[in-house]
>>> print(open('input_31.tsv').read())   # TSV, C-alpha atoms
chain	number	residue	atom	x	y	z
A	1	MET	CA	68.14	-10.20	-16.66
A	2	ARG	CA	64.95	-9.29	-18.46
A	3	SER	CA	63.10	-12.36	-17.11
A	4	LEU	CA	64.23	-11.44	-13.59
A	5	LEU	CA	62.70	-7.98	-14.03
A	6	ASN	CA	59.45	-9.52	-15.27
A	7	ILE	CA	59.31	-11.82	-12.24
A	8	LEU	CA	59.96	-8.92	-9.86
A	9	LEU	CA	57.23	-6.89	-11.55
A	10	VAL	CA	54.73	-9.74	-11.19
A	11	LEU	CA	55.64	-10.22	-7.53
A	12	ALA	CA	55.33	-6.50	-6.85
A	13	CYS	CA	51.83	-6.43	-8.34
A	14	ALA	CA	50.59	-9.62	-6.63
A	15	PRO	CA	49.61	-8.02	-3.29
A	16	VAL	CA	47.61	-5.34	-5.11
A	17	THR	CA	45.79	-7.97	-7.16
A	18	LEU	CA	45.07	-10.14	-4.13
A	19	ALA	CA	43.77	-7.14	-2.16
A	20	GLN	CA	41.15	-6.40	-4.81
A	21	ILE	CA	38.35	-8.67	-3.63
A	22	PRO	CA	35.18	-8.14	-5.64
A	23	GLU	CA	32.39	-6.42	-3.68
A	24	ASN	CA	29.99	-9.34	-4.21
A	25	ASN	CA	32.54	-11.69	-2.58
A	26	LYS	CA	32.69	-9.37	0.44
A	27	ALA	CA	28.90	-9.39	0.72
A	28	ASP	CA	28.72	-13.16	0.29
A	29	SER	CA	31.50	-13.63	2.84
A	30	ALA	CA	29.55	-11.51	5.33
A	31	LEU	CA	26.41	-13.58	4.69
A	32	VAL	CA	28.28	-16.83	5.29
A	33	GLN	CA	29.79	-15.42	8.50
A	34	GLN	CA	26.26	-14.49	9.62
A	35	LEU	CA	25.11	-18.06	8.95
A	36	GLU	CA	28.01	-19.34	11.05
A	37	THR	CA	26.92	-16.96	13.84
A	38	SER	CA	23.37	-18.32	13.52
A	39	TRP	CA	24.66	-21.91	13.68
A	40	LEU	CA	26.57	-21.07	16.88
A	41	SER	CA	23.52	-19.36	18.36
A	42	ALA	CA	21.38	-22.40	17.55
A	43	GLU	CA	23.91	-24.64	19.28
A	44	ARG	CA	23.95	-22.43	22.39
A	45	THR	CA	20.16	-22.37	22.70
A	46	THR	CA	19.19	-25.70	21.09
A	47	ASP	CA	17.14	-23.80	18.51
A	48	ALA	CA	16.07	-26.37	15.91
A	49	ALA	CA	14.23	-23.81	13.77
A	50	LEU	CA	17.38	-21.74	13.39
A	51	LEU	CA	19.39	-24.85	12.62
A	52	ASP	CA	16.81	-25.81	9.98
A	53	ARG	CA	17.24	-22.45	8.21
A	54	VAL	CA	21.03	-22.75	8.04
A	55	MET	CA	21.36	-26.35	6.78
A	56	ALA	CA	20.59	-27.66	3.31
A	57	ASP	CA	18.19	-30.61	3.18
A	58	ASP	CA	21.04	-32.90	2.10
A	59	PHE	CA	23.43	-31.69	4.83
A	60	VAL	CA	26.30	-34.04	5.68
A	61	GLY	CA	28.34	-33.79	8.86
A	62	ILE	CA	31.66	-35.55	9.29
A	63	GLY	CA	33.26	-35.70	12.73
A	64	ALA	CA	36.41	-37.27	14.06
A	65	ASN	CA	34.57	-40.58	14.50
A	66	GLY	CA	33.05	-40.62	11.03
A	67	GLN	CA	29.77	-39.41	9.62
A	68	THR	CA	27.31	-37.69	11.94
A	69	PRO	CA	23.53	-37.70	11.57
A	70	GLY	CA	21.98	-35.87	8.63
A	71	LYS	CA	19.67	-32.88	8.88
A	72	ALA	CA	16.49	-34.83	9.71
A	73	GLN	CA	18.12	-36.74	12.60
A	74	LEU	CA	19.86	-33.64	13.96
A	75	LEU	CA	16.59	-31.70	13.94
A	76	LYS	CA	14.80	-34.55	15.69
A	77	ASN	CA	17.50	-34.65	18.40
A	78	TRP	CA	17.50	-30.88	18.86
A	79	ARG	CA	13.70	-30.64	18.99
A	80	SER	CA	13.65	-33.18	21.83
A	81	GLN	CA	16.00	-30.86	23.78
A	82	ALA	CA	14.55	-27.54	22.56
A	83	GLY	CA	15.37	-24.59	24.75
A	84	GLN	CA	17.66	-26.55	27.07
A	85	ALA	CA	21.08	-25.03	27.38
A	86	PRO	CA	23.86	-27.54	26.65
A	87	PRO	CA	26.23	-28.50	29.49
A	88	TYR	CA	29.01	-26.47	27.86
A	89	THR	CA	29.76	-23.06	26.43
A	90	VAL	CA	30.98	-22.76	22.86
A	91	GLU	CA	33.02	-20.08	21.07
A	92	THR	CA	34.63	-19.78	17.67
A	93	SER	CA	37.91	-18.15	16.69
A	94	ASP	CA	40.13	-17.57	13.67
A	95	MET	CA	37.28	-17.72	11.15
A	96	ARG	CA	38.17	-17.32	7.49
A	97	VAL	CA	35.66	-17.42	4.65
A	98	PHE	CA	36.57	-18.11	1.03
A	99	VAL	CA	33.92	-17.44	-1.63
A	100	LEU	CA	34.41	-19.36	-4.86
A	101	GLY	CA	31.49	-18.52	-7.12
A	102	GLU	CA	28.43	-20.42	-5.88
A	103	THR	CA	30.44	-22.19	-3.16
A	104	ALA	CA	31.85	-20.79	0.07
A	105	VAL	CA	34.19	-22.41	2.55
A	106	ALA	CA	34.44	-21.31	6.19
A	107	THR	CA	37.26	-22.53	8.42
A	108	TYR	CA	37.61	-21.85	12.13
A	109	THR	CA	38.38	-23.29	15.55
A	110	LYS	CA	35.54	-24.15	17.91
A	111	THR	CA	36.21	-24.23	21.66
A	112	TYR	CA	33.92	-26.04	24.09
A	113	THR	CA	34.17	-25.43	27.84
A	114	ALA	CA	32.33	-27.78	30.19
A	115	LYS	CA	30.16	-25.83	32.64
A	116	GLU	CA	30.58	-28.40	35.40
A	117	ASN	CA	34.36	-28.72	35.60
A	118	GLY	CA	35.84	-26.22	33.11
A	119	ASN	CA	37.38	-28.88	30.86
A	120	ILE	CA	38.19	-27.51	27.41
A	121	ALA	CA	37.98	-29.27	24.06
A	122	GLN	CA	38.79	-27.73	20.70
A	123	LYS	CA	38.11	-28.80	17.16
A	124	ASP	CA	38.98	-27.45	13.74
A	125	VAL	CA	35.94	-26.98	11.53
A	126	THR	CA	35.54	-26.65	7.78
A	127	ASP	CA	32.03	-25.80	6.56
A	128	ILE	CA	31.03	-25.81	2.90
A	129	PHE	CA	28.07	-23.70	1.77
A	130	THR	CA	26.43	-23.51	-1.62
A	131	ARG	CA	24.09	-20.90	-2.95
A	132	GLN	CA	20.66	-22.38	-3.71
A	133	HIS	CA	17.92	-20.23	-5.21
A	134	GLY	CA	19.77	-17.09	-4.11
A	135	SER	CA	20.49	-18.14	-0.51
A	136	TRP	CA	23.46	-19.78	1.13
A	137	LYS	CA	22.95	-23.18	2.79
A	138	LEU	CA	25.35	-25.31	4.79
A	139	ARG	CA	25.94	-28.51	2.82
A	140	LEU	CA	28.86	-30.17	4.56
A	141	SER	CA	30.56	-29.68	7.91
A	142	ARG	CA	33.78	-31.50	8.78
A	143	SER	CA	35.47	-31.30	12.17
A	144	SER	CA	38.60	-32.82	13.65
A	145	PRO	CA	40.42	-32.48	16.97
A	146	HIS	CA	42.48	-29.30	17.23
>>> encode(input="input_31.tsv", output="structure tokens")
Amino acid sequence: MRSLLNILLVLACAPVTLAQIPENNKADSALVQQLETSWLSAERTTDAALLDRVMADDFVGIGANGQTPGKAQLLKNWRSQAGQAPPYTVETSDMRVFVLGETAVATYTKTYTAKENGNIAQKDVTDIFTRQHGSWKLRLSRSSPH
């Protein structure tokens, strides 16, 4: 009976403990969400400079078909199309950010809508950021079909 009371006490306190997110985690979570917003803005406007600021030099992207180009190749591709709007619109939803010390993980769904015919494609994204010299940088992005 006593162990049952201890378990109930622990379970009753768990929501309070989980709700107490340290203030620095809230600030870091907001910074990572802002970087995700910048990444989306760069994609919408083909802004290579903005993309460059978000990604770490050793960025790795992994898509449904395997590894995608690294930072240098992505920047080269985007610079060749600078300022040209892509043939789709893109939105994100259901974003969650988890800050774990010097690492942060963002998960969300990305929805692409073709401008020409309205076709929709979705993918689930997991982005991993690390803090380098006081700033957050995107190190790894993995996406898969929704």
>>> closest_residue(input="input_31.tsv", among="A:Leu40, A:Leu140, A:Ala72, A:Val54", to="Thr111 of chain A", atoms="only C-alpha atoms")
A:Leu40
>>> atom_distance(input="input_31.tsv", atom1="atom CA of Leu138 of chain A", atom2="atom CA of Thr92 of chain A")
16.8 Å
>>> closest_atom_pairs(input="input_31.tsv", of="segment 94-134 of chain A", to="segment 43-46 of chain A", cutoff="12 Å", atoms="all atoms listed in the file", output="tab-separated table")
residue	atom	partner	partner_atom	distance
A:Lys110	CA	A:Glu43	CA	11.7
A:Tyr112	CA	A:Arg44	CA	10.7
A:Thr113	CA	A:Arg44	CA	12.0
>>> closest_residue(input="input_31.tsv", among="A:Val97, A:Ala48, A:Ala121, A:Ala114", to="Leu31 of chain A", atoms="all atoms listed in the file")
A:Val97
>>> closest_atom_pairs(input="input_31.tsv", of="segment 36-68 of chain A", to="segment 122-137 of chain A", cutoff="10 Å", atoms="only C-alpha atoms", output="CSV")
residue,atom,partner,partner_atom,distance
A:Glu36,CA,A:Asp127,CA,8.8
A:Asp52,CA,A:Lys137,CA,9.8
A:Arg53,CA,A:Lys137,CA,7.9
A:Val54,CA,A:Lys137,CA,5.6
A:Met55,CA,A:Lys137,CA,5.3
A:Ala56,CA,A:Lys137,CA,5.1
A:Asp57,CA,A:Lys137,CA,8.8
A:Asp58,CA,A:Lys137,CA,9.9
A:Phe59,CA,A:Lys137,CA,8.8
A:Val60,CA,A:Ile128,CA,9.9
A:Gly61,CA,A:Asp127,CA,9.1
A:Ile62,CA,A:Thr126,CA,9.8
A:Gly63,CA,A:Val125,CA,9.2
A:Ala64,CA,A:Lys123,CA,9.2
>>> atom_distance(input="input_31.tsv", atom1="atom CA of Asp94 of chain A", atom2="atom CA of Ser29 of chain A")
14.4 Å
>>> atom_distance(input="input_31.tsv", atom1="atom CA of Tyr88 of chain A", atom2="atom CA of Glu116 of chain A")
7.9 Å
>>> closest_residue(input="input_31.tsv", among="A:Ser41, A:Gln33, A:Thr109, A:Asn117", to="Ala85 of chain A", atoms="all atoms listed in the file")
A:Ser41
>>> closest_residue(input="input_31.tsv", among="A:Leu51, A:Leu35, A:Gly70, A:Ile120", to="Val105 of chain A", atoms="all atoms listed in the file")
A:Leu35
>>> closest_residue(input="input_31.tsv", among="A:Ala30, A:Ser141, A:Asp47, A:Ser38", to="Gly83 of chain A", atoms="only C-alpha atoms")
A:Asp47
>>> closest_residue(input="input_31.tsv", among="A:Ala42, A:Val90, A:Ala106, A:Val32", to="Trp78 of chain A", atoms="all atoms listed in the file")
A:Ala42
>>> residues_around(input="input_31.tsv", residues="segment 65-67 of chain A", least_positions_apart="6", cutoff="10 Å", atoms="only C-alpha atoms", output="CSV table (one decimal) with C-alpha atoms, in the coordinates of the input")
chain,number,residue,atom,x,y,z
A,141,SER,CA,30.6,-29.7,7.9
A,142,ARG,CA,33.8,-31.5,8.8
A,143,SER,CA,35.5,-31.3,12.2
A,144,SER,CA,38.6,-32.8,13.6
